[in-house]
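**Q** Sending over a structure as structure tokens; questions will come in a sec.
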Amino acid sequence: MSIPAVEPEQEPPMPPKGRGPLRSRRPATHWFKRILQILVVLVLIPLGLTIVYAVPGVRPVSTLMLRDAVTLEGYDRRWVPIEEIAPALRYSVIMSEDGQFCSHRGIDLREMQGVIEDALAGKETRGASTIPMQTVKNLFLWNSRSFIRKGLEAPLAVYLDLVLSKRRILEIYLNIVEWGPGIYGAESASLYHFGKAAADLSAREAALLAVALPNPLERNPGKPTRNLLRLADRVQGMAARSGGYTGCVR
């Protein structure tokens with residue numbers, strides 16, 4: 001009777017030198033792909049929504065309005081077409097916030113260059129946000145200052161200016177911008193601060209609303225300080241002489 005041969009035990013193959021276990025590599029690749037997919041979606045959302053917002057009947061809301069709704073704080077926004085917003089407010093906001101609004105293509109390259117030069121020289125930088133940049137910030141981004149947000153603002157503003165008319169951009173901006181705690185848009189701001197519709201604003205009231213925009217939670221156009229009155233004087237005069245600077249929204 002023959003005894004069957006016994007196969008020698010084989011040792012498991014050793015992993016190649018310089019490489020970790022496959023199990024530790026797969027999760028890293030998986031998470032990288034997942035993060036990349038999320039970033040692509042976050043980029044595509046503003047691009048798609050901008051096309052939707054080009055439709056005149058669409059009434060966009062801002063990220064701050066969404067926040068107030070989610071936290072149940074509530075907000076007051078009453079959409080009105082640009083024809084029902086006093087021309088004085090249109091001109092005052094442009095001259096106060098973005099004097100080259102009708103001529104640039106989303107970003108003001110001259111102002112942007114000045115900011116870069118000031119930063120490189122170690123000087124305190126001034127704001128260079130255009131109305132399209134502020135519009136995309138309110139629609140798609142967040143309020144806290146950061147280089148990431150600024151880096152996203154510029155290309156989105158150029159895209160917004162390419163897809164939408166100047167008149168539509170200003171209409172959206174004036175209907176979503178914050179003018180006080182829970183107060184959004186020109187109509188709600190006019191009623192809250194002056195007890196009248198946006199269409200009935202005087203040149204003085206329009207200037208006061210415009211100069212409140214840089215800090216609407218601190219500046220109260222209905223109860224202006226001496227400094228706010230001084231700023232309003234200047235903007236009111238600029239709006240009265242705006243001419244071609246505001247021709248795209250007349």
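Here's how to read the names in the structure tokens: chain A, B, ... by the order shown, residue numbers from 1 in each chain, ligand numbers from 1 in the order shown.
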Applying 7 Å and only C-alpha atoms, which residues near stretch 195-202 of chain A remain after dropping the ones on its own chain fewer than 2 positions away? List them as an mmCIF file with N, CA and C atoms, in the first residue's frame.

**A**
data_model
loop_
_atom_site.group_PDB
_atom_site.id
_atom_site.type_symbol
_atom_site.label_atom_id
_atom_site.label_comp_id
_atom_site.auth_asym_id
_atom_site.auth_seq_id
_atom_site.Cartn_x
_atom_site.Cartn_y
_atom_site.Cartn_z
ATOM 1 N N GLU A 84 -40.832 98.718 -10.776
ATOM 2 C CA GLU A 84 -41.512 99.210 -9.586
ATOM 3 C C GLU A 84 -40.534 99.602 -8.475
ATOM 4 N N ILE A 85 -39.293 99.777 -8.846
ATOM 5 C CA ILE A 85 -38.282 100.288 -7.920
ATOM 6 C C ILE A 85 -37.880 101.678 -8.409
ATOM 7 N N ALA A 86 -37.968 102.655 -7.555
ATOM 8 C CA ALA A 86 -37.702 104.043 -7.947
ATOM 9 C C ALA A 86 -36.365 104.159 -8.678
ATOM 10 N N ALA A 186 -35.653 95.604 -1.861
ATOM 11 C CA ALA A 186 -35.981 97.034 -1.832
ATOM 12 C C ALA A 186 -37.380 97.310 -1.309
ATOM 13 N N GLU A 187 -38.347 96.492 -1.698
ATOM 14 C CA GLU A 187 -39.730 96.752 -1.280
ATOM 15 C C GLU A 187 -39.883 96.616 0.226
ATOM 16 N N SER A 190 -38.019 99.476 1.992
ATOM 17 C CA SER A 190 -38.718 100.764 1.902
ATOM 18 C C SER A 190 -39.889 100.822 2.873
ATOM 19 N N LEU A 191 -40.642 99.742 2.945
ATOM 20 C CA LEU A 191 -41.776 99.701 3.863
ATOM 21 C C LEU A 191 -41.312 99.730 5.314
ATOM 22 N N TYR A 192 -40.236 99.005 5.600
ATOM 23 C CA TYR A 192 -39.740 98.904 6.979
ATOM 24 C C TYR A 192 -39.151 100.224 7.466
ATOM 25 N N HIS A 193 -38.321 100.851 6.633
ATOM 26 C CA HIS A 193 -37.597 102.051 7.073
ATOM 27 C C HIS A 193 -38.360 103.353 6.833
ATOM 28 N N ARG A 204 -33.607 111.355 -1.617
ATOM 29 C CA ARG A 204 -32.921 111.327 -0.324
ATOM 30 C C ARG A 204 -33.043 109.954 0.334
ATOM 31 N N GLU A 205 -34.234 109.407 0.348
ATOM 32 C CA GLU A 205 -34.459 108.093 0.950
ATOM 33 C C GLU A 205 -33.706 107.008 0.186
ATOM 34 N N ALA A 206 -33.670 107.119 -1.137
ATOM 35 C CA ALA A 206 -32.935 106.152 -1.946
ATOM 36 C C ALA A 206 -31.449 106.182 -1.615
#

**Q** Measuring atom to atom with only C-alpha atoms, identify which of A:Ala239, A:Val158, A:Leu231, A:Ala28 is nearest to A:Leu109.

**A**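 When distances to A:Leu109 are compared using only C-alpha atoms, the smallest one comes from A:Val158.
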
**Q** To test your reading of the structure, identify every residue in stretch 77-191 of chain A that backbone DSSP assigns to alpha helix (DSSP H), and report it as a ChimeraX atom specification.

**A** /A:87-97,109-120,131-140,147-163,166-176,186-191

**Q** From the set A:Glu97, A:Glu73, A:Asp68, A:Glu178, which residue has the shortest atom-to-atom contact distance to A:Leu217, counting only C-alpha atoms?

**A**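 The answer is A:Glu178, which sits nearest to A:Leu217.
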